file protein-v4.cif (mmCIF, C-alpha atoms)
data_run
loop_
_atom_site.label_atom_id
_atom_site.label_comp_id
_atom_site.auth_asym_id
_atom_site.auth_seq_id
_atom_site.Cartn_x
_atom_site.Cartn_y
_atom_site.Cartn_z
CA MET Q 1 -48.39 -47.74 -44.08
CA SER Q 2 -48.13 -51.45 -44.56
CA VAL Q 3 -49.66 -53.93 -46.94
CA HIS Q 4 -51.83 -56.67 -45.48
CA PRO Q 5 -50.82 -60.14 -46.73
CA GLY Q 6 -53.12 -61.21 -49.54
CA SER Q 7 -54.06 -57.65 -50.36
CA SER Q 8 -52.58 -55.29 -52.88
CA ARG Q 9 -54.11 -52.27 -51.19
CA PRO Q 10 -52.23 -50.42 -48.44
CA VAL Q 11 -53.71 -50.67 -44.96
CA ARG Q 12 -53.22 -47.93 -42.40
CA VAL Q 13 -51.74 -49.26 -39.16
CA ASP Q 14 -51.94 -47.10 -36.05
CA ALA Q 15 -48.39 -46.96 -34.68
CA GLN Q 16 -49.35 -44.93 -31.61
CA PRO Q 17 -48.68 -46.80 -28.37
CA PRO Q 18 -51.83 -47.35 -26.32
CA ARG Q 19 -52.47 -45.02 -23.41
CA LEU Q 20 -52.74 -46.73 -20.05
CA ARG Q 21 -55.70 -45.54 -18.00
CA ALA Q 22 -54.72 -45.91 -14.35
CA PHE Q 23 -57.08 -48.27 -12.56
CA THR Q 24 -57.61 -50.33 -9.44
CA LEU Q 25 -59.00 -53.86 -9.30
CA SER Q 26 -60.31 -54.91 -5.89
CA TYR Q 27 -61.07 -58.51 -4.94
CA PRO Q 28 -63.18 -59.05 -1.80
CA ILE Q 29 -61.47 -61.68 0.39
CA ALA Q 30 -62.69 -63.16 3.67
CA ARG Q 31 -60.22 -62.45 6.47
CA VAL Q 32 -60.33 -66.09 7.58
CA ARG Q 33 -58.90 -67.15 4.19
CA LEU Q 34 -55.78 -64.99 4.64
CA THR Q 35 -54.62 -66.10 8.10
CA ASP Q 36 -51.11 -64.62 8.55
CA ALA Q 37 -51.29 -62.35 5.49
CA ALA Q 38 -54.16 -60.22 6.83
CA PRO Q 39 -53.46 -56.69 8.07
CA GLU Q 40 -54.69 -55.49 11.45
CA GLY Q 41 -58.26 -54.24 11.61
CA PRO Q 42 -61.84 -55.21 12.41
CA SER Q 43 -63.26 -56.08 8.97
CA ALA Q 44 -64.36 -59.63 8.20
CA VAL Q 45 -63.99 -58.91 4.47
CA LEU Q 46 -60.74 -57.42 3.21
CA GLU Q 47 -59.77 -56.14 -0.24
CA LEU Q 48 -56.93 -57.44 -2.37
CA GLN Q 49 -56.16 -54.37 -4.49
CA PHE Q 50 -54.14 -54.09 -7.69
CA ALA Q 51 -53.32 -50.43 -8.41
CA VAL Q 52 -52.02 -50.14 -11.99
CA ASN Q 53 -50.59 -46.91 -13.41
CA THR Q 54 -47.68 -45.64 -15.49
CA ASP Q 55 -45.37 -45.48 -12.45
CA GLY Q 56 -45.88 -49.09 -11.48
CA THR Q 57 -48.22 -51.70 -10.11
CA GLY Q 58 -48.86 -52.07 -6.41
CA VAL Q 59 -50.65 -55.00 -4.79
CA ARG Q 60 -51.89 -54.65 -1.24
CA ILE Q 61 -54.37 -56.16 1.20
CA LEU Q 62 -56.58 -53.51 2.78
CA ASP Q 63 -58.96 -53.49 5.73
CA PRO Q 64 -61.56 -51.02 4.41
CA ARG Q 65 -62.91 -50.11 7.86
CA SER Q 66 -59.61 -49.22 9.51
CA ALA Q 67 -57.50 -48.43 6.39
CA ASP Q 68 -54.80 -50.77 7.76
CA GLU Q 69 -52.95 -52.43 4.92
CA ARG Q 70 -50.22 -54.89 4.06
CA SER Q 71 -48.17 -54.46 0.91
CA VAL Q 72 -47.78 -57.63 -1.14
CA VAL Q 73 -45.64 -56.47 -4.07
CA PHE Q 74 -44.72 -53.34 -6.03
CA ILE Q 75 -43.36 -53.45 -9.57
CA GLU Q 76 -41.92 -50.23 -10.96
CA GLY Q 77 -42.71 -49.02 -14.46
CA GLU Q 78 -45.56 -49.41 -16.90
CA PRO Q 79 -46.93 -52.93 -17.46
CA GLY Q 80 -44.80 -55.02 -19.82
CA VAL Q 81 -47.56 -55.92 -22.25
CA LEU Q 82 -50.30 -53.44 -22.98
CA TRP Q 83 -52.51 -53.22 -26.00
CA SER Q 84 -55.63 -51.33 -26.85
CA VAL Q 85 -57.85 -51.86 -29.86
CA GLY Q 86 -61.47 -50.98 -30.59
CA GLY Q 87 -62.05 -49.63 -27.10
CA TRP Q 88 -60.56 -52.72 -25.41
CA MET Q 89 -57.53 -52.51 -23.15
CA HIS Q 90 -55.50 -55.54 -22.14
CA VAL Q 91 -52.86 -55.35 -19.42
CA ASP Q 92 -50.44 -58.16 -18.67
CA ILE Q 93 -48.06 -57.89 -15.73
CA PRO Q 94 -46.20 -61.23 -15.67
CA SER Q 95 -46.64 -63.20 -12.44
CA VAL Q 96 -49.01 -60.53 -11.07
CA LEU Q 97 -52.12 -59.75 -13.15
CA SER Q 98 -53.63 -60.24 -16.58
CA CYS Q 99 -56.89 -58.47 -17.40
CA SER Q 100 -59.07 -57.29 -20.27
CA ILE Q 101 -61.38 -54.29 -20.07
CA ALA Q 102 -64.10 -53.51 -22.63
CA ASP Q 103 -64.98 -49.90 -23.48
CA ALA Q 104 -61.85 -48.86 -21.57
CA ASP Q 105 -61.90 -45.40 -23.12
CA THR Q 106 -65.43 -44.61 -21.86
CA ASP Q 107 -67.24 -44.08 -18.57
CA HIS Q 108 -68.95 -47.45 -19.11
CA ALA Q 109 -65.83 -49.61 -18.96
CA GLN Q 110 -66.34 -53.20 -17.85
CA LEU Q 111 -63.89 -55.76 -16.58
CA VAL Q 112 -64.30 -58.80 -18.83
CA TYR Q 113 -61.41 -60.98 -17.72
CA ALA Q 114 -58.97 -61.00 -14.82
CA ARG Q 115 -56.50 -63.61 -13.67
CA THR Q 116 -53.86 -63.46 -10.97
CA PRO Q 117 -51.53 -65.99 -9.36
CA ILE Q 118 -51.36 -63.76 -6.25
CA LEU Q 119 -54.48 -65.40 -4.77
CA GLY Q 120 -52.78 -68.80 -4.84
CA GLU Q 121 -49.53 -67.35 -3.50
CA LEU Q 122 -51.47 -66.00 -0.51
CA GLY Q 123 -52.80 -69.51 0.13
CA ILE Q 124 -56.35 -68.77 -1.01
CA PRO Q 125 -57.75 -71.96 -2.56
CA GLY Q 126 -59.63 -71.95 -5.85
CA GLY Q 127 -63.39 -71.81 -5.81
CA ARG Q 128 -66.25 -69.41 -6.35
CA PHE Q 129 -65.66 -65.83 -5.29
CA ASP Q 130 -67.27 -62.50 -5.94
CA PRO Q 131 -65.80 -60.83 -9.03
CA PRO Q 132 -63.34 -57.96 -8.57
CA THR Q 133 -64.51 -54.38 -8.96
CA LEU Q 134 -62.90 -51.93 -11.38
CA ALA Q 135 -62.29 -48.22 -10.81
CA PHE Q 136 -60.40 -45.85 -13.11
CA HIS Q 137 -58.28 -42.95 -11.84
CA ASP Q 138 -58.06 -40.36 -14.62
#

call {"tool": "encode", "arguments": {"input": "protein-v4.cif", "output": "C-alpha coordinates"}}
result
Amino acid sequence: MSVHPGSSRPVRVDAQPPRLRAFTLSYPIARVRLTDAAPEGPSAVLELQFAVNTDGTGVRILDPRSADERSVVFIEGEPGVLWSVGGWMHVDIPSVLSCSIADADTDHAQLVYARTPILGELGIPGGRFDPPTLAFHD
(Lines of atoms letter the chains of each structure in order from A and count residues from 1; the text may use other names and numbers.)
(Lines give C-alpha, C1' and ligand atoms only; values in the text may rest on other atoms or scores of the structure.)
Protein backbone atom coordinates (compact mmCIF):
# COMPACT_ATOMS: atom_id res chain seq x y z
CA MET A 1 0.00 0.00 0.00
CA SER A 2 1.09 3.53 -0.68
CA VAL A 3 -0.52 6.91 -0.34
CA HIS A 4 -0.97 8.96 -3.49
CA PRO A 5 0.36 12.53 -3.09
CA GLY A 6 -2.50 14.89 -2.36
CA SER A 7 -4.69 12.12 -1.02
CA SER A 8 -5.16 10.92 2.50
CA ARG A 9 -6.63 7.62 1.34
CA PRO A 10 -4.37 4.62 0.69
CA VAL A 11 -4.09 3.51 -2.92
CA ARG A 12 -3.37 -0.08 -3.85
CA VAL A 13 -0.34 -0.39 -6.12
CA ASP A 14 0.19 -3.64 -8.01
CA ALA A 15 3.78 -4.67 -7.27
CA GLN A 16 3.68 -7.70 -9.56
CA PRO A 17 6.17 -7.45 -12.41
CA PRO A 18 4.51 -7.52 -15.83
CA ARG A 19 4.52 -10.79 -17.73
CA LEU A 20 6.21 -10.64 -21.10
CA ARG A 21 4.21 -12.30 -23.86
CA ALA A 22 6.70 -13.60 -26.40
CA PHE A 23 6.13 -12.00 -29.79
CA THR A 24 7.59 -11.41 -33.23
CA LEU A 25 7.47 -8.15 -35.18
CA SER A 26 8.10 -8.52 -38.91
CA TYR A 27 8.90 -5.60 -41.21
CA PRO A 28 8.58 -6.25 -44.97
CA ILE A 29 11.73 -4.96 -46.69
CA ALA A 30 12.51 -4.89 -50.41
CA ARG A 31 15.62 -6.95 -51.18
CA VAL A 32 17.05 -4.11 -53.30
CA ARG A 33 17.13 -1.86 -50.20
CA LEU A 34 19.38 -4.29 -48.29
CA THR A 35 22.17 -4.86 -50.83
CA ASP A 36 24.94 -6.71 -48.94
CA ALA A 37 22.82 -7.46 -45.85
CA ALA A 38 20.33 -9.67 -47.69
CA PRO A 39 20.44 -13.45 -47.19
CA GLU A 40 20.48 -15.83 -50.13
CA GLY A 41 17.11 -16.70 -51.66
CA PRO A 42 14.67 -15.82 -54.42
CA SER A 43 12.23 -13.46 -52.66
CA ALA A 44 11.99 -9.83 -53.75
CA VAL A 45 10.51 -8.94 -50.35
CA LEU A 46 12.33 -10.05 -47.21
CA GLU A 47 11.33 -9.85 -43.55
CA LEU A 48 13.24 -8.04 -40.83
CA GLN A 49 12.11 -9.99 -37.76
CA PHE A 50 12.40 -9.08 -34.08
CA ALA A 51 11.74 -12.15 -31.91
CA VAL A 52 11.24 -11.02 -28.29
CA ASN A 53 10.93 -13.48 -25.39
CA THR A 54 12.18 -14.01 -21.85
CA ASP A 55 15.41 -15.66 -23.06
CA GLY A 56 16.43 -12.76 -25.26
CA THR A 57 15.75 -10.77 -28.38
CA GLY A 58 16.89 -11.93 -31.79
CA VAL A 59 16.88 -9.81 -34.93
CA ARG A 60 17.23 -11.51 -38.29
CA ILE A 61 16.58 -10.94 -41.97
CA LEU A 62 14.59 -13.79 -43.50
CA ASP A 63 13.80 -14.83 -47.06
CA PRO A 64 10.30 -16.25 -46.53
CA ARG A 65 10.34 -18.41 -49.68
CA SER A 66 13.62 -20.21 -49.05
CA ALA A 67 13.88 -19.81 -45.23
CA ASP A 68 17.44 -18.53 -45.71
CA GLU A 69 18.30 -16.01 -43.04
CA ARG A 70 20.99 -13.68 -41.76
CA SER A 71 21.29 -12.93 -38.07
CA VAL A 72 21.66 -9.24 -37.25
CA VAL A 73 21.91 -9.25 -33.45
CA PHE A 74 20.96 -11.33 -30.40
CA ILE A 75 20.66 -9.87 -26.92
CA GLU A 76 20.37 -12.33 -24.04
CA GLY A 77 17.85 -11.87 -21.25
CA GLU A 78 14.48 -10.22 -20.87
CA PRO A 79 14.09 -6.68 -22.24
CA GLY A 80 15.51 -4.00 -19.95
CA VAL A 81 12.37 -1.90 -19.69
CA LEU A 82 8.99 -3.58 -19.69
CA TRP A 83 5.75 -2.30 -18.32
CA SER A 84 2.17 -3.35 -18.61
CA VAL A 85 -0.87 -1.39 -17.49
CA GLY A 86 -4.54 -1.54 -18.45
CA GLY A 87 -3.93 -4.18 -21.10
CA TRP A 88 -1.06 -2.25 -22.70
CA MET A 89 2.45 -3.67 -22.91
CA HIS A 90 5.49 -1.55 -23.66
CA VAL A 91 8.86 -3.11 -24.45
CA ASP A 92 12.07 -1.13 -24.73
CA ILE A 93 15.28 -2.83 -25.79
CA PRO A 94 17.87 -0.02 -25.97
CA SER A 95 19.43 0.44 -29.42
CA VAL A 96 17.21 -2.33 -30.85
CA LEU A 97 13.43 -1.86 -30.50
CA SER A 98 10.82 0.17 -28.68
CA CYS A 99 7.16 -0.77 -29.11
CA SER A 100 3.73 -0.43 -27.53
CA ILE A 101 0.97 -3.00 -27.89
CA ALA A 102 -2.68 -2.37 -26.97
CA ASP A 103 -4.84 -5.19 -25.57
CA ALA A 104 -1.64 -7.22 -25.18
CA ASP A 105 -3.34 -9.69 -22.85
CA THR A 106 -6.05 -10.59 -25.39
CA ASP A 107 -6.36 -12.29 -28.77
CA HIS A 108 -7.08 -8.87 -30.29
CA ALA A 109 -3.72 -7.27 -29.52
CA GLN A 110 -2.65 -4.45 -31.83
CA LEU A 111 0.73 -2.92 -32.43
CA VAL A 112 0.29 0.82 -31.81
CA TYR A 113 3.87 2.05 -31.95
CA ALA A 114 7.21 0.61 -33.04
CA ARG A 115 10.57 2.25 -33.55
CA THR A 116 13.93 0.73 -34.33
CA PRO A 117 17.35 2.11 -35.26
CA ILE A 118 18.18 -1.22 -36.94
CA LEU A 119 16.61 -0.08 -40.23
CA GLY A 120 19.01 2.86 -40.41
CA GLU A 121 21.95 0.69 -39.37
CA LEU A 122 21.17 -1.61 -42.31
CA GLY A 123 21.32 1.40 -44.63
CA ILE A 124 17.57 1.55 -45.27
CA PRO A 125 16.63 5.21 -45.76
CA GLY A 126 13.61 6.77 -44.08
CA GLY A 127 10.36 6.98 -45.97
CA ARG A 128 7.00 5.31 -46.21
CA PHE A 129 6.92 1.58 -45.60
CA ASP A 130 4.30 -1.01 -44.83
CA PRO A 131 3.77 -1.34 -41.07
CA PRO A 132 5.24 -4.35 -39.27
CA THR A 133 3.05 -7.31 -38.40
CA LEU A 134 2.68 -8.65 -34.86
CA ALA A 135 2.39 -12.30 -33.81
CA PHE A 136 2.34 -13.64 -30.25
CA HIS A 137 3.87 -16.99 -29.27
CA ASP A 138 2.13 -18.17 -26.09

call {"tool": "closest_residue", "arguments": {"input": "protein-v4.cif", "among": "Q:Ile118, Q:Ala38, Q:Ile93, Q:Val32", "to": "Gly56 in chain Q", "atoms": "only C-alpha atoms"}}
result
Q:Ile93

call {"tool": "closest_residue", "arguments": {"input": "protein-v4.cif", "among": "Q:Val45, Q:Ile29, Q:Ala114, Q:Val96", "to": "Gly58 in chain Q", "atoms": "all atoms listed in the file"}}
result
Q:Val96

call {"tool": "atom_distance", "arguments": {"input": "protein-v4.cif", "atom1": "CA of Pro64 in chain Q", "atom2": "CA of Phe23 in chain Q"}}
result
17.8 Å

call {"tool": "residues_around", "arguments": {"input": "protein-v4.cif", "residues": "range 132-136 of chain Q", "least_positions_apart": "3", "cutoff": "10 Å", "atoms": "only C-alpha atoms", "output": "PDB file with C-alpha atoms, keeping the file's coordinate frame"}}
result
ATOM      1  CA  ARG Q  21     -55.700 -45.540 -18.000  1.00  0.00           C
ATOM      2  CA  ALA Q  22     -54.720 -45.910 -14.350  1.00  0.00           C
ATOM      3  CA  PHE Q  23     -57.080 -48.270 -12.560  1.00  0.00           C
ATOM      4  CA  THR Q  24     -57.610 -50.330  -9.440  1.00  0.00           C
ATOM      5  CA  LEU Q  25     -59.000 -53.860  -9.300  1.00  0.00           C
ATOM      6  CA  SER Q  26     -60.310 -54.910  -5.890  1.00  0.00           C
ATOM      7  CA  TYR Q  27     -61.070 -58.510  -4.940  1.00  0.00           C
ATOM      8  CA  PRO Q  28     -63.180 -59.050  -1.800  1.00  0.00           C
ATOM      9  CA  ILE Q  29     -61.470 -61.680   0.390  1.00  0.00           C
ATOM     10  CA  GLU Q  47     -59.770 -56.140  -0.240  1.00  0.00           C
ATOM     11  CA  LEU Q  48     -56.930 -57.440  -2.370  1.00  0.00           C
ATOM     12  CA  GLN Q  49     -56.160 -54.370  -4.490  1.00  0.00           C
ATOM     13  CA  PHE Q  50     -54.140 -54.090  -7.690  1.00  0.00           C
ATOM     14  CA  ALA Q  51     -53.320 -50.430  -8.410  1.00  0.00           C
ATOM     15  CA  VAL Q  52     -52.020 -50.140 -11.990  1.00  0.00           C
ATOM     16  CA  ASN Q  53     -50.590 -46.910 -13.410  1.00  0.00           C
ATOM     17  CA  ILE Q 101     -61.380 -54.290 -20.070  1.00  0.00           C
ATOM     18  CA  ALA Q 104     -61.850 -48.860 -21.570  1.00  0.00           C
ATOM     19  CA  ASP Q 107     -67.240 -44.080 -18.570  1.00  0.00           C
ATOM     20  CA  ALA Q 109     -65.830 -49.610 -18.960  1.00  0.00           C
ATOM     21  CA  GLN Q 110     -66.340 -53.200 -17.850  1.00  0.00           C
ATOM     22  CA  LEU Q 111     -63.890 -55.760 -16.580  1.00  0.00           C
ATOM     23  CA  TYR Q 113     -61.410 -60.980 -17.720  1.00  0.00           C
ATOM     24  CA  ALA Q 114     -58.970 -61.000 -14.820  1.00  0.00           C
ATOM     25  CA  PHE Q 129     -65.660 -65.830  -5.290  1.00  0.00           C
TER      26      PHE Q 129
END

call {"tool": "resolve_selection", "arguments": {"input": "protein-v4.cif", "expression": "the PyMOL selection byres ((chain Q and resi 62) around 7)", "output": "list in words"}}
result
Pro39, Leu46, Glu47, Leu48, Arg60, Ile61, Asp63, Pro64, Ala67, Asp68, Glu69 and Arg70 of chain Q

call {"tool": "write_last_selection", "arguments": {"input": "protein-v4.cif", "atoms": "C-alpha atoms", "output": "tab-separated table (two decimals), in the frame of the given file"}}
result
chain	number	residue	atom	x	y	z
Q	39	PRO	CA	-53.46	-56.69	8.07
Q	46	LEU	CA	-60.74	-57.42	3.21
Q	47	GLU	CA	-59.77	-56.14	-0.24
Q	48	LEU	CA	-56.93	-57.44	-2.37
Q	60	ARG	CA	-51.89	-54.65	-1.24
Q	61	ILE	CA	-54.37	-56.16	1.20
Q	63	ASP	CA	-58.96	-53.49	5.73
Q	64	PRO	CA	-61.56	-51.02	4.41
Q	67	ALA	CA	-57.50	-48.43	6.39
Q	68	ASP	CA	-54.80	-50.77	7.76
Q	69	GLU	CA	-52.95	-52.43	4.92
Q	70	ARG	CA	-50.22	-54.89	4.06

call {"tool": "residues_near_point", "arguments": {"input": "protein-v4.cif", "point": "(-56.0, -71.2, 6.9)", "cutoff": "10 Å", "atoms": "all atoms listed in the file", "output": "count of residues only"}}
result
9

call {"tool": "residues_around", "arguments": {"input": "protein-v4.cif", "residues": "range 81-92 of chain Q", "least_positions_apart": "3", "cutoff": "7 Å", "atoms": "only C-alpha atoms", "output": "MDAnalysis selection string"}}
result
chainID Q and resid 18 97:105

call {"tool": "atom_distance", "arguments": {"input": "protein-v4.cif", "atom1": "CA of Gly41 in chain Q", "atom2": "CA of Ser95 in chain Q"}}
result
28.2 Å

call {"tool": "atom_distance", "arguments": {"input": "protein-v4.cif", "atom1": "CA of Pro79 in chain Q", "atom2": "CA of Pro94 in chain Q"}}
result
8.5 Å

call {"tool": "residues_near_point", "arguments": {"input": "protein-v4.cif", "point": "(-41.4, -51.7, -14.1)", "cutoff": "8 Å", "atoms": "all atoms listed in the file", "output": "VMD selection string"}}
result
chain Q and resid 55 to 57 75 to 80
